[in-house]
$ cat final_15.cif   # mmCIF, C-alpha atoms and all ligand atoms
data_run
loop_
_atom_site.label_atom_id
_atom_site.label_comp_id
_atom_site.auth_asym_id
_atom_site.auth_seq_id
_atom_site.Cartn_x
_atom_site.Cartn_y
_atom_site.Cartn_z
CA MET A 1123 46.72 14.45 -23.04
CA GLN A 1124 43.88 13.89 -25.48
CA ILE A 1125 40.33 15.08 -24.94
CA PHE A 1126 37.23 13.49 -26.48
CA LYS A 1127 33.55 14.26 -26.46
CA VAL A 1128 31.64 11.21 -25.19
CA GLY A 1129 28.20 9.93 -24.27
CA GLY A 1130 25.01 11.77 -24.99
CA ALA A 1131 26.62 14.60 -26.95
CA VAL A 1132 28.01 12.22 -29.58
CA ARG A 1133 24.86 10.11 -29.67
CA ASP A 1134 22.48 13.04 -30.03
CA ARG A 1135 24.56 14.79 -32.66
CA LEU A 1136 24.53 11.60 -34.78
CA LEU A 1137 20.76 11.39 -34.26
CA GLY A 1138 20.44 14.97 -35.43
CA LEU A 1139 19.07 16.06 -32.05
CA PRO A 1140 20.04 19.19 -30.13
CA VAL A 1141 22.92 18.67 -27.69
CA THR A 1142 22.51 20.36 -24.35
CA ASP A 1143 25.16 19.02 -22.01
CA ILE A 1144 28.52 17.72 -23.09
CA ASP A 1145 30.56 15.09 -21.27
CA TRP A 1146 34.28 14.81 -21.97
CA VAL A 1147 36.84 12.11 -21.36
CA VAL A 1148 40.54 12.82 -20.92
CA VAL A 1149 43.10 10.19 -21.96
CA GLY A 1150 46.74 10.23 -20.93
CA ALA A 1151 46.52 12.67 -18.04
CA THR A 1152 46.87 12.53 -14.27
CA ALA A 1153 44.70 14.23 -11.68
CA GLU A 1154 47.64 16.48 -10.81
CA GLU A 1155 47.92 17.70 -14.41
CA MET A 1156 44.19 18.49 -14.43
CA LEU A 1157 44.43 20.45 -11.19
CA ALA A 1158 47.46 22.30 -12.52
CA LYS A 1159 45.40 23.38 -15.53
CA GLY A 1160 42.77 24.85 -13.23
CA TYR A 1161 40.12 22.10 -13.45
CA ARG A 1162 38.11 21.71 -10.25
CA PRO A 1163 37.73 18.22 -8.77
CA VAL A 1164 34.11 17.02 -8.36
CA GLY A 1165 34.21 14.33 -5.69
CA ALA A 1166 36.79 12.66 -3.57
CA ASP A 1167 36.47 9.22 -5.21
CA PHE A 1168 35.71 10.11 -8.81
CA PRO A 1169 38.42 11.14 -11.24
CA VAL A 1170 36.03 13.78 -12.57
CA PHE A 1171 36.71 17.50 -12.98
CA LEU A 1172 34.83 20.62 -13.98
CA HIS A 1173 36.24 22.90 -16.64
CA PRO A 1174 37.32 26.19 -15.06
CA GLN A 1175 35.28 28.25 -17.59
CA THR A 1176 32.51 26.12 -19.09
CA GLY A 1177 31.75 24.04 -15.99
CA GLU A 1178 31.42 20.95 -18.22
CA GLU A 1179 32.44 17.54 -16.89
CA TYR A 1180 35.83 16.14 -17.78
CA ALA A 1181 36.47 12.60 -16.57
CA LEU A 1182 39.82 10.88 -16.64
CA ALA A 1183 39.64 7.69 -18.68
CA ARG A 1184 39.06 4.92 -16.17
CA THR A 1185 38.33 1.29 -15.71
CA GLU A 1186 36.14 0.03 -12.93
CA ARG A 1187 35.70 -3.17 -11.03
CA LYS A 1188 32.79 -4.39 -9.01
CA SER A 1189 33.74 -4.92 -5.39
CA GLY A 1190 30.46 -5.02 -3.53
CA ARG A 1191 26.74 -4.44 -3.67
CA GLY A 1192 25.12 -1.32 -5.06
CA TYR A 1193 26.77 1.80 -6.35
CA GLY A 1194 29.27 2.20 -3.55
CA GLY A 1195 30.54 -1.21 -4.54
CA PHE A 1196 32.84 0.01 -7.28
CA THR A 1197 36.56 0.59 -7.36
CA PHE A 1198 37.84 2.93 -10.03
CA HIS A 1199 41.17 2.86 -11.66
CA ALA A 1200 42.18 6.01 -13.49
CA SER A 1201 45.67 6.43 -14.85
CA PRO A 1202 47.34 7.88 -17.95
CA GLU A 1203 47.70 4.31 -19.30
CA VAL A 1204 43.94 3.67 -19.50
CA THR A 1205 42.95 3.76 -23.19
CA LEU A 1206 39.86 5.29 -24.73
CA GLU A 1207 38.60 1.81 -25.66
CA GLU A 1208 39.01 0.63 -22.06
CA ASP A 1209 37.04 3.61 -20.83
CA LEU A 1210 34.25 3.14 -23.37
CA ILE A 1211 33.71 -0.54 -22.58
CA ARG A 1212 32.53 0.23 -19.03
CA ARG A 1213 29.65 2.36 -20.36
CA ASP A 1214 26.03 1.22 -20.41
CA LEU A 1215 24.83 1.21 -24.01
CA THR A 1216 26.68 0.96 -27.31
CA ILE A 1217 25.04 4.20 -28.49
CA ASN A 1218 26.49 5.87 -25.37
CA ALA A 1219 29.93 4.37 -25.84
CA MET A 1220 31.20 6.43 -28.75
CA ALA A 1221 33.81 9.19 -28.60
CA GLU A 1222 34.66 12.02 -30.91
CA ASP A 1223 37.76 14.19 -31.21
CA ASP A 1224 37.74 17.87 -32.10
CA GLN A 1225 37.74 16.95 -35.82
CA GLN A 1226 34.58 14.88 -35.32
CA ASN A 1227 36.53 11.66 -35.93
CA LEU A 1228 34.50 8.90 -34.34
CA THR A 1229 35.92 6.19 -32.08
CA ASP A 1230 33.27 3.49 -32.01
CA PRO A 1231 34.76 0.13 -30.97
CA TYR A 1232 31.44 -1.32 -29.79
CA HIS A 1233 29.40 -0.44 -32.90
CA GLY A 1234 27.22 2.24 -31.44
CA GLN A 1235 26.66 3.79 -34.82
CA ARG A 1236 25.37 0.50 -36.21
CA ASP A 1237 22.93 0.24 -33.30
CA LEU A 1238 21.88 3.87 -33.76
CA GLU A 1239 20.96 3.10 -37.34
CA ALA A 1240 19.19 -0.11 -36.36
CA ARG A 1241 17.41 1.76 -33.52
CA ILE A 1242 18.62 -0.69 -30.87
CA LEU A 1243 19.46 -0.08 -27.23
CA ARG A 1244 22.15 -2.69 -26.58
CA HIS A 1245 24.50 -3.10 -23.62
CA VAL A 1246 28.22 -2.79 -24.31
CA SER A 1247 29.56 -5.73 -22.31
CA PRO A 1248 28.54 -8.22 -19.59
CA ALA A 1249 29.87 -5.67 -17.07
CA PHE A 1250 26.51 -3.96 -17.66
CA ALA A 1251 25.16 -6.13 -14.87
CA GLU A 1252 27.46 -4.51 -12.34
CA ASP A 1253 25.34 -1.40 -11.81
CA PRO A 1254 21.59 -1.91 -11.29
CA LEU A 1255 20.92 1.75 -12.10
CA ARG A 1256 21.48 0.81 -15.74
CA VAL A 1257 18.15 -1.02 -15.72
CA LEU A 1258 16.46 2.32 -15.06
CA ARG A 1259 18.69 4.16 -17.51
CA VAL A 1260 17.91 1.81 -20.37
CA ALA A 1261 14.18 2.06 -19.64
CA ARG A 1262 14.54 5.85 -19.59
CA PHE A 1263 16.35 5.92 -22.94
CA ALA A 1264 13.66 3.61 -24.31
CA ALA A 1265 11.05 6.18 -23.22
CA ARG A 1266 13.03 9.03 -24.72
CA TYR A 1267 13.74 7.44 -28.10
CA ALA A 1268 10.61 5.31 -28.58
CA GLY A 1269 9.31 7.93 -30.98
CA LEU A 1270 12.37 7.35 -33.17
CA GLY A 1271 11.65 3.61 -33.19
CA PHE A 1272 14.24 2.44 -30.64
CA THR A 1273 13.67 -0.80 -28.75
CA VAL A 1274 15.73 -2.73 -26.20
CA ALA A 1275 17.83 -5.60 -27.59
CA SER A 1276 16.52 -8.94 -26.37
CA GLU A 1277 19.88 -9.92 -24.86
CA THR A 1278 19.98 -6.62 -22.97
CA LEU A 1279 16.46 -7.15 -21.68
CA GLU A 1280 17.58 -10.58 -20.53
CA LEU A 1281 20.46 -9.05 -18.55
CA MET A 1282 18.05 -6.52 -17.08
CA ARG A 1283 15.80 -9.40 -16.06
CA GLN A 1284 18.69 -11.18 -14.34
CA LEU A 1285 19.59 -7.98 -12.50
CA SER A 1286 15.99 -7.51 -11.38
CA GLU A 1287 15.81 -11.06 -10.08
CA SER A 1288 19.19 -10.89 -8.35
CA GLY A 1289 18.07 -8.49 -5.64
CA GLU A 1290 20.63 -5.90 -6.78
CA LEU A 1291 17.92 -3.36 -7.62
CA GLU A 1292 17.11 -3.15 -3.93
CA ALA A 1293 20.62 -1.88 -3.31
CA LEU A 1294 19.86 1.32 -5.26
CA THR A 1295 19.44 4.38 -3.11
CA ALA A 1296 16.10 6.17 -3.34
CA GLU A 1297 17.92 9.31 -4.49
CA ARG A 1298 19.53 7.62 -7.50
CA SER A 1299 16.28 5.86 -8.43
CA TRP A 1300 14.16 8.99 -8.15
CA LYS A 1301 16.56 10.92 -10.35
CA GLU A 1302 16.05 8.36 -13.11
CA ILE A 1303 12.32 7.91 -12.50
CA SER A 1304 11.59 11.63 -12.49
CA ARG A 1305 13.61 12.19 -15.66
CA ALA A 1306 11.93 9.22 -17.32
CA LEU A 1307 8.46 10.50 -16.43
CA MET A 1308 9.32 13.79 -18.15
CA GLU A 1309 10.31 12.05 -21.40
CA ASP A 1310 8.02 12.03 -24.47
CA GLN A 1311 6.75 8.51 -23.84
CA PRO A 1312 6.96 7.83 -20.10
CA GLN A 1313 4.61 4.87 -20.46
CA VAL A 1314 7.42 3.09 -22.34
CA PHE A 1315 9.63 3.48 -19.26
CA ILE A 1316 7.06 1.66 -17.11
CA GLN A 1317 6.44 -0.94 -19.82
CA VAL A 1318 10.16 -1.75 -20.17
CA LEU A 1319 10.56 -1.99 -16.40
CA ARG A 1320 7.65 -4.37 -16.38
CA ASP A 1321 9.04 -6.43 -19.26
CA CYS A 1322 12.27 -7.09 -17.36
CA GLY A 1323 10.69 -7.70 -13.97
CA ALA A 1324 12.06 -4.49 -12.42
CA LEU A 1325 8.64 -2.91 -11.90
CA LYS A 1326 7.72 -5.73 -9.55
CA VAL A 1327 10.75 -4.88 -7.43
CA LEU A 1328 10.63 -1.07 -7.61
CA MET A 1329 6.87 -0.45 -7.63
CA PRO A 1330 5.02 -3.72 -6.96
CA GLU A 1331 1.87 -1.68 -6.36
CA VAL A 1332 1.91 -0.51 -10.00
CA ASP A 1333 2.94 -3.93 -11.31
CA ALA A 1334 -0.07 -5.46 -9.54
CA LEU A 1335 -2.47 -3.45 -11.74
CA PHE A 1336 -1.67 -5.54 -14.81
CA GLY A 1337 -4.20 -8.30 -15.27
CA VAL A 1338 -6.81 -6.54 -13.12
CA PRO A 1339 -10.01 -5.96 -15.14
CA GLN A 1340 -12.29 -2.92 -15.02
CA PRO A 1341 -15.86 -2.66 -16.38
CA GLU A 1342 -15.69 -2.53 -20.17
CA ALA A 1343 -18.48 0.05 -20.42
CA HIS A 1344 -16.31 2.73 -18.80
CA HIS A 1345 -12.94 1.25 -19.66
CA PRO A 1346 -12.86 -0.27 -23.15
CA GLU A 1347 -9.18 -1.16 -22.57
CA ILE A 1348 -10.34 -3.27 -19.56
CA ASP A 1349 -6.90 -3.90 -18.03
CA THR A 1350 -6.01 -1.49 -15.21
CA GLY A 1351 -2.29 -1.66 -15.99
CA LEU A 1352 -2.90 -0.73 -19.64
CA HIS A 1353 -5.19 2.06 -18.49
CA THR A 1354 -2.44 3.41 -16.23
CA LEU A 1355 0.02 3.40 -19.14
CA SER A 1356 -2.48 5.28 -21.28
CA VAL A 1357 -3.10 7.89 -18.60
CA LEU A 1358 0.63 8.43 -18.34
CA GLU A 1359 0.86 8.65 -22.12
CA GLN A 1360 -1.88 11.30 -22.17
CA SER A 1361 -0.10 13.27 -19.45
CA ALA A 1362 2.98 13.49 -21.69
CA LEU A 1363 0.98 14.27 -24.85
CA HIS A 1364 -0.57 17.16 -22.93
CA LYS A 1365 2.84 18.29 -21.61
CA GLN A 1366 1.84 17.99 -17.96
CA PRO A 1367 4.38 18.70 -15.19
CA LEU A 1368 6.08 16.01 -13.11
CA THR A 1369 3.60 16.29 -10.23
CA VAL A 1370 0.69 15.46 -12.56
CA ARG A 1371 2.56 12.61 -14.25
CA TRP A 1372 3.45 11.07 -10.89
CA ALA A 1373 -0.18 11.35 -9.75
CA CYS A 1374 -1.33 9.76 -13.02
CA LEU A 1375 0.93 6.77 -12.44
CA LEU A 1376 -0.38 6.16 -8.93
CA HIS A 1377 -4.03 7.23 -9.10
CA ASP A 1378 -5.59 3.75 -9.35
CA LEU A 1379 -3.35 1.69 -7.07
CA GLY A 1380 -6.35 0.71 -4.96
CA LYS A 1381 -7.66 -1.38 -7.85
CA GLY A 1382 -4.81 -3.79 -7.27
CA LEU A 1383 -6.28 -4.63 -3.87
CA THR A 1384 -9.82 -5.50 -5.03
CA PRO A 1385 -10.59 -9.16 -4.27
CA GLU A 1386 -11.07 -11.15 -7.48
CA GLU A 1387 -14.67 -12.01 -6.55
CA ALA A 1388 -15.53 -8.31 -6.79
CA TRP A 1389 -13.96 -7.78 -10.25
CA PRO A 1390 -14.47 -5.91 -12.52
CA ARG A 1391 -15.86 -3.35 -10.07
CA HIS A 1392 -13.61 -1.49 -7.65
CA ILE A 1393 -15.75 -0.02 -4.95
CA ALA A 1394 -13.94 2.52 -2.76
CA HIS A 1395 -10.62 2.01 -4.54
CA GLU A 1396 -9.92 5.70 -3.94
CA HIS A 1397 -9.70 4.97 -0.24
CA THR A 1398 -8.07 1.55 -0.26
CA GLY A 1399 -5.39 2.94 -2.58
CA LEU A 1400 -4.22 5.67 -0.24
CA LYS A 1401 -1.97 3.51 1.88
CA LEU A 1402 -0.35 2.10 -1.27
CA ILE A 1403 0.23 5.56 -2.71
CA LYS A 1404 1.76 6.58 0.60
CA ALA A 1405 3.98 3.49 0.60
CA VAL A 1406 5.31 4.16 -2.93
CA ASN A 1407 5.75 7.87 -2.20
CA GLU A 1408 7.83 7.12 0.86
CA ARG A 1409 9.83 4.23 -0.54
CA ILE A 1410 10.77 6.21 -3.66
CA LYS A 1411 11.19 9.41 -1.62
CA ALA A 1412 9.32 11.50 -4.17
CA PRO A 1413 9.43 15.25 -3.46
CA LYS A 1414 6.69 16.69 -1.30
CA ASP A 1415 4.63 18.30 -4.09
CA CYS A 1416 4.56 15.01 -6.03
CA GLN A 1417 3.59 13.06 -2.91
CA GLU A 1418 0.78 15.45 -2.01
CA LEU A 1419 -0.76 15.60 -5.46
CA ALA A 1420 -0.63 11.80 -5.88
CA LEU A 1421 -2.52 11.32 -2.60
CA LEU A 1422 -5.12 13.97 -3.42
CA VAL A 1423 -5.68 12.68 -6.95
CA GLY A 1424 -5.87 9.13 -5.61
CA GLN A 1425 -8.50 10.12 -3.09
CA TYR A 1426 -10.60 12.49 -5.20
CA HIS A 1427 -10.32 11.58 -8.89
CA THR A 1428 -13.77 9.99 -8.96
CA HIS A 1429 -15.13 13.21 -7.46
CA GLY A 1430 -13.55 14.97 -10.41
CA HIS A 1431 -15.33 12.69 -12.87
CA ARG A 1432 -18.67 13.20 -11.12
CA ALA A 1433 -18.14 16.94 -10.70
CA LEU A 1434 -21.38 17.96 -12.41
CA GLU A 1435 -23.45 15.74 -10.13
CA LEU A 1436 -21.81 16.76 -6.85
CA LYS A 1437 -23.92 18.63 -4.30
CA ALA A 1438 -22.76 22.15 -3.50
CA SER A 1439 -21.70 20.97 -0.05
CA THR A 1440 -19.58 18.17 -1.52
CA LEU A 1441 -17.99 20.59 -3.97
CA LEU A 1442 -17.17 22.83 -1.04
CA GLU A 1443 -15.56 19.97 0.87
CA LEU A 1444 -13.53 19.08 -2.22
CA LEU A 1445 -12.29 22.64 -2.56
CA GLN A 1446 -11.48 22.80 1.14
CA SER A 1447 -9.53 19.52 0.96
CA PHE A 1448 -7.33 21.12 -1.66
CA ASP A 1449 -7.01 24.37 0.26
CA VAL A 1450 -7.87 25.94 -3.06
CA TYR A 1451 -7.89 29.45 -1.53
CA ARG A 1452 -4.18 29.33 -0.82
CA ARG A 1453 -3.14 26.66 -3.34
CA PRO A 1454 -5.09 27.31 -6.57
CA GLN A 1455 -2.34 25.79 -8.71
CA ARG A 1456 -2.58 22.46 -6.92
CA PHE A 1457 -6.31 22.26 -7.65
CA GLU A 1458 -5.62 23.01 -11.30
CA GLU A 1459 -3.13 20.10 -11.33
CA PHE A 1460 -5.82 17.88 -9.82
CA ILE A 1461 -8.25 18.89 -12.55
CA VAL A 1462 -5.85 18.07 -15.37
CA ALA A 1463 -4.88 14.77 -13.72
CA CYS A 1464 -8.58 13.82 -13.71
CA GLU A 1465 -8.80 14.81 -17.35
CA MET A 1466 -5.78 12.65 -18.23
CA ASP A 1467 -7.45 9.76 -16.39
CA ALA A 1468 -10.59 10.22 -18.49
CA ARG A 1469 -8.60 10.48 -21.72
CA GLY A 1470 -6.43 7.48 -20.88
CA ARG A 1471 -9.19 5.14 -22.01
CA LYS A 1472 -9.13 3.24 -25.27
CA GLY A 1473 -11.06 5.11 -27.96
CA LEU A 1474 -12.06 7.95 -25.61
CA GLU A 1475 -8.85 9.96 -25.88
CA GLN A 1476 -10.55 12.78 -27.79
CA ARG A 1477 -13.79 12.94 -25.82
CA SER A 1478 -14.36 16.33 -24.21
CA TYR A 1479 -14.12 16.63 -20.45
CA PRO A 1480 -16.57 19.35 -19.37
CA GLN A 1481 -15.84 18.51 -15.73
CA ALA A 1482 -12.57 20.44 -16.02
CA ASP A 1483 -14.08 23.84 -16.76
CA TYR A 1484 -16.94 23.14 -14.39
CA LEU A 1485 -14.45 22.56 -11.54
CA ARG A 1486 -12.49 25.65 -12.52
CA GLY A 1487 -15.70 27.66 -12.36
CA ALA A 1488 -16.58 26.22 -8.97
CA ALA A 1489 -13.14 27.08 -7.64
CA SER A 1490 -13.39 30.67 -8.80
CA ALA A 1491 -16.92 31.01 -7.39
CA ALA A 1492 -15.73 29.90 -3.97
CA ARG A 1493 -12.57 31.96 -4.21
CA GLY A 1494 -14.66 34.97 -5.17
CA VAL A 1495 -16.18 35.21 -1.70
CA ALA A 1496 -14.60 38.24 -0.08
CA VAL A 1497 -13.49 38.22 3.56
CA GLN A 1498 -13.67 41.97 4.06
CA PRO A 1499 -17.49 42.33 4.34
CA LEU A 1500 -17.52 39.55 6.95
CA LEU A 1501 -14.81 41.26 8.97
CA GLU A 1502 -16.83 44.45 8.80
CA LYS A 1503 -19.82 42.60 10.19
CA GLY A 1504 -17.63 41.75 13.18
CA PHE A 1505 -16.90 38.07 12.54
CA LYS A 1506 -13.60 36.79 13.87
CA GLY A 1507 -11.81 33.55 14.80
CA PRO A 1508 -13.74 30.32 14.27
CA GLU A 1509 -16.95 32.27 13.62
CA LEU A 1510 -15.30 34.00 10.71
CA GLY A 1511 -14.35 30.59 9.35
CA GLU A 1512 -17.94 29.37 9.64
CA ALA A 1513 -19.31 32.52 8.01
CA LEU A 1514 -16.85 32.17 5.13
CA LYS A 1515 -17.93 28.59 4.65
CA ARG A 1516 -21.61 29.59 4.56
CA GLU A 1517 -20.93 32.28 1.99
CA ARG A 1518 -18.86 29.95 -0.14
CA LEU A 1519 -21.62 27.35 0.00
CA LYS A 1520 -24.10 30.01 -1.12
CA ALA A 1521 -21.80 30.98 -3.95
CA LEU A 1522 -21.47 27.35 -5.03
CA LYS A 1523 -25.25 26.83 -4.95
CA ALA A 1524 -25.69 29.87 -7.15
CA TYR A 1525 -22.91 28.61 -9.42
CA LYS A 1526 -24.61 25.23 -9.77
CA GLU A 1527 -27.93 26.81 -10.60
CA ASN A 1528 -26.45 28.98 -13.31
CA ALA A 1529 -24.01 26.44 -14.74
P1 LIG B 1601 21.66 12.58 -21.22
O1 LIG B 1601 21.22 13.11 -22.54
O2 LIG B 1601 20.54 12.07 -20.39
O3 LIG B 1601 22.64 13.45 -20.49
P2 LIG B 1601 23.92 10.84 -21.42
O4 LIG B 1601 24.11 9.58 -22.20
O5 LIG B 1601 24.84 11.96 -21.73
O6 LIG B 1601 22.41 11.23 -21.61
P3 LIG B 1601 24.86 11.02 -18.71
O7 LIG B 1601 24.17 10.59 -17.48
O8 LIG B 1601 25.16 12.45 -18.93
O9 LIG B 1601 24.00 10.43 -19.91
O10 LIG B 1601 26.19 10.16 -18.78
C1 LIG B 1601 27.18 10.38 -19.78
C2 LIG B 1601 27.72 9.04 -20.27
O11 LIG B 1601 28.32 8.33 -19.18
C3 LIG B 1601 26.68 8.10 -20.82
O12 LIG B 1601 26.42 8.33 -22.17
C4 LIG B 1601 27.32 6.76 -20.57
O13 LIG B 1601 28.29 6.51 -21.55
C5 LIG B 1601 28.03 6.96 -19.26
N1 LIG B 1601 27.23 6.57 -18.08
C6 LIG B 1601 26.54 7.40 -17.25
N2 LIG B 1601 25.99 6.72 -16.25
C7 LIG B 1601 26.33 5.42 -16.42
C8 LIG B 1601 26.09 4.21 -15.69
N3 LIG B 1601 25.36 4.20 -14.59
N4 LIG B 1601 26.64 3.09 -16.18
C9 LIG B 1601 27.40 3.09 -17.30
N5 LIG B 1601 27.64 4.17 -18.03
C10 LIG B 1601 27.14 5.34 -17.60
MG MG B 1602 25.04 13.76 -20.62
#
$ encode --input "final_15.cif" --output "structure tokens"
Amino acid sequence: MQIFKVGGAVRDRLLGLPVTDIDWVVVGATAEEMLAKGYRPVGADFPVFLHPQTGEEYALARTERKSGRGYGGFTFHASPEVTLEEDLIRRDLTINAMAEDDQQNLTDPYHGQRDLEARILRHVSPAFAEDPLRVLRVARFAARYAGLGFTVASETLELMRQLSESGELEALTAERSWKEISRALMEDQPQVFIQVLRDCGALKVLMPEVDALFGVPQPEAHHPEIDTGLHTLSVLEQSALHKQPLTVRWACLLHDLGKGLTPEEAWPRHIAHEHTGLKLIKAVNERIKAPKDCQELALLVGQYHTHGHRALELKASTLLELLQSFDVYRRPQRFEEFIVACEMDARGRKGLEQRSYPQADYLRGAASAARGVAVQPLLEKGFKGPELGEALKRERLKALKAYKENA
């Protein structure tokens, strides 16, 4: 048997990037030989094994054939006769379809190295269209390597467009999609992921609520970029520039969905978009099956981001309600994520990226003033149950009034 390094490890080494996980392909072996050498099988259907010591993935060279819709609709054929070239041709992109032996000799039948140099993400063969997940993967790689100058080949974008229009994207499970989406949002330029999905028509299928924001105007005085879709991309871009966590990036993507519902007659204003947007945020959250912390933060940021922007003008009682809505006493971190999401929203405006956002520290101060109210003295005064809750609220309101006066 012969063993080759494949996929991301080869690609990233040639790009001069650090290699974290290594995928291997094994040519000329049977499953029985692998088991005899102590490799552990991964799944029942896949000819994939884990190395007994390193835990890295070793896949038997295989060919595959489309036999139905979605990801389940594949039949694999792995046998010792399958060649390296046959295995590589079923891969998504040319830059992912190179293999390397232990002497670093490159096998590159589909010119991945040429495309690496030309900074092009290009599909390997027409079989690309057999797995709709590849639309998301290509958009994710575009987000990851945009900084190096990579773009999607026009013929690949065309295939992605056909896939998006075919209805195949709907056959993707939420789990597979979320895995790609969440990884893409954590890349250096997550806005490129959304842009590429939009360019090929996939955004309309996967997140029509986000797609609908493009072409919707906002008042130029507050939003020099005008277009709500462009604004959303910029907010996402800022969230990555400021190294925000996934929860914040997800909230950034969804914060303005309500603006897509504003009737044209009311443009460019979007009165109460924080409220109209909630059902859309909920719909995307549930369709994509985002994890609970992402779902929660997106809803809270959607509902309260304009409160964040107006923080300095809010009455003490409104500040208190805001803090209560976030349960800031038990979940201080979540309120901090809200604050930075608001800041990313403010910075995601053309020409205003560097403007300071005093609301952030002001909200932090308000949170610590309210959190500074001690329960013990109230207990000592004999308050309990609902009365204790009321007394706490009164004290917190007092603290917030004092905070406002001194701020
Ligand atoms: P990463 O750095 O994200 O791990 P990678 O290219 O190594 O990038 P993996 O998901 O680890 O990506 O997959 C390893 C290789 O398997 C890819 O480089 C590609 O050749 C192939 N591959 C993975 N998923 C698909 C797919 N859905 N369709 C076609 N080829 C795929
Ligand atoms: Mg990999």
$ atom_distance --input "final_15.cif" --atom1 "atom CA of A:Ala1482" --atom2 "atom CA of A:Leu1355"
21.4 Å
$ atom_distance --input "final_15.cif" --atom1 "atom CA of A:Val1327" --atom2 "atom CA of A:His1245"
21.3 Å
$ closest_residue --input "final_15.cif" --among "A:Gly1511, A:Pro1330, A:Gly1424, A:Gly1150" --to "A:Glu1203" --atoms "all atoms listed in the file"
A:Gly1150
$ axis_aligned_box --input "final_15.cif" --around "stretch 1326-1332 of chain A" --padding-each-side "4 Å" --output "AutoDock Vina command-line options"
--center_x 6.3 --center_y -3.1 --center_z -8.2 --size_x 16.9 --size_y 13.3 --size_z 11.6
$ residues_near_ligand --input "final_15.cif" --ligand "ligand LIG 1601 (chain B)" --cutoff "10 Å" --atoms "all atoms listed in the file" --output "number ranges by chain"
A: 1127-1134, 1140-1147, 1179, 1181, 1193, 1209-1221, 1245-1246, 1249-1260, 1262-1263, 1266, 1298, 1302, 1305-1306
$ residues_around --input "final_15.cif" --residues "A:Leu1281" --least-positions-apart "2" --cutoff "9 Å" --atoms "all atoms listed in the file" --output "list of chain:residue names"
A:His1245, A:Pro1248, A:Phe1250, A:Ala1251, A:Val1257, A:Ser1276, A:Glu1277, A:Thr1278, A:Leu1279, A:Arg1283, A:Gln1284, A:Leu1285, A:Ser1286, A:Cys1322
$ residues_around --input "final_15.cif" --residues "A:His1397" --least-positions-apart "6" --cutoff "10 Å" --atoms "only C-alpha atoms" --output "MDAnalysis selection string"
chainID A and resid 1379:1380 1421 1424:1426
$ write_last_selection --input "final_15.cif" --atoms "C-alpha atoms" --output "CSV table (one decimal), in the coordinates of the input"
chain,number,residue,atom,x,y,z
A,1379,LEU,CA,-3.4,1.7,-7.1
A,1380,GLY,CA,-6.4,0.7,-5.0
A,1421,LEU,CA,-2.5,11.3,-2.6
A,1424,GLY,CA,-5.9,9.1,-5.6
A,1425,GLN,CA,-8.5,10.1,-3.1
A,1426,TYR,CA,-10.6,12.5,-5.2
$ atom_distance --input "final_15.cif" --atom1 "atom CA of A:Met1466" --atom2 "atom CA of A:Val1357"
5.5 Å
$ closest_residue --input "final_15.cif" --among "A:Arg1409, A:Arg1452, A:His1429, A:Arg1391" --to "A:Leu1328" --atoms "all atoms listed in the file"
A:Arg1409
$ closest_residue --input "final_15.cif" --among "A:Gln1124, A:Ala1183, A:Lys1188, A:Arg1469" --to "A:Asp1223" --atoms "only C-alpha atoms"
A:Gln1124
$ closest_residue --input "final_15.cif" --among "A:Ile1393, A:Leu1474, A:Val1406, A:Leu1375" --to "A:Glu1347" --atoms "all atoms listed in the file"
A:Leu1474
$ closest_residue --input "final_15.cif" --among "A:Leu1319, A:Leu1444, A:Leu1510, A:Val1370" --to "A:Ala1489" --atoms "only C-alpha atoms"
A:Leu1444
$ closest_residue --input "final_15.cif" --among "A:Ala1153, A:Val1450, A:Cys1374, A:Leu1228" --to "A:His1199" --atoms "only C-alpha atoms"
A:Ala1153
$ residues_near_point --input "final_15.cif" --point "(-15.6, 12.7, -23.3)" --cutoff "12 Å" --atoms "only C-alpha atoms" --output "list in words"
His1344, His1431, Cys1464, Glu1465, Met1466, Asp1467, Ala1468, Arg1469, Gly1470, Arg1471, Lys1472, Gly1473, Leu1474, Glu1475, Gln1476, Arg1477, Ser1478, Tyr1479, Pro1480, Gln1481 and Ala1482 of chain A
$ residues_near_point --input "final_15.cif" --point "(38.6, 6.4, -8.5)" --cutoff "9 Å" --atoms "all atoms listed in the file" --output "PDB file with C-alpha atoms, keeping the file's coordinate frame"
ATOM      1  CA  ALA A1166      36.790  12.660  -3.570  1.00  0.00           C
ATOM      2  CA  ASP A1167      36.470   9.220  -5.210  1.00  0.00           C
ATOM      3  CA  PHE A1168      35.710  10.110  -8.810  1.00  0.00           C
ATOM      4  CA  PRO A1169      38.420  11.140 -11.240  1.00  0.00           C
ATOM      5  CA  VAL A1170      36.030  13.780 -12.570  1.00  0.00           C
ATOM      6  CA  ARG A1184      39.060   4.920 -16.170  1.00  0.00           C
ATOM      7  CA  THR A1185      38.330   1.290 -15.710  1.00  0.00           C
ATOM      8  CA  GLU A1186      36.140   0.030 -12.930  1.00  0.00           C
ATOM      9  CA  PHE A1196      32.840   0.010  -7.280  1.00  0.00           C
ATOM     10  CA  THR A1197      36.560   0.590  -7.360  1.00  0.00           C
ATOM     11  CA  PHE A1198      37.840   2.930 -10.030  1.00  0.00           C
ATOM     12  CA  HIS A1199      41.170   2.860 -11.660  1.00  0.00           C
ATOM     13  CA  ALA A1200      42.180   6.010 -13.490  1.00  0.00           C
TER      14      ALA A1200
END
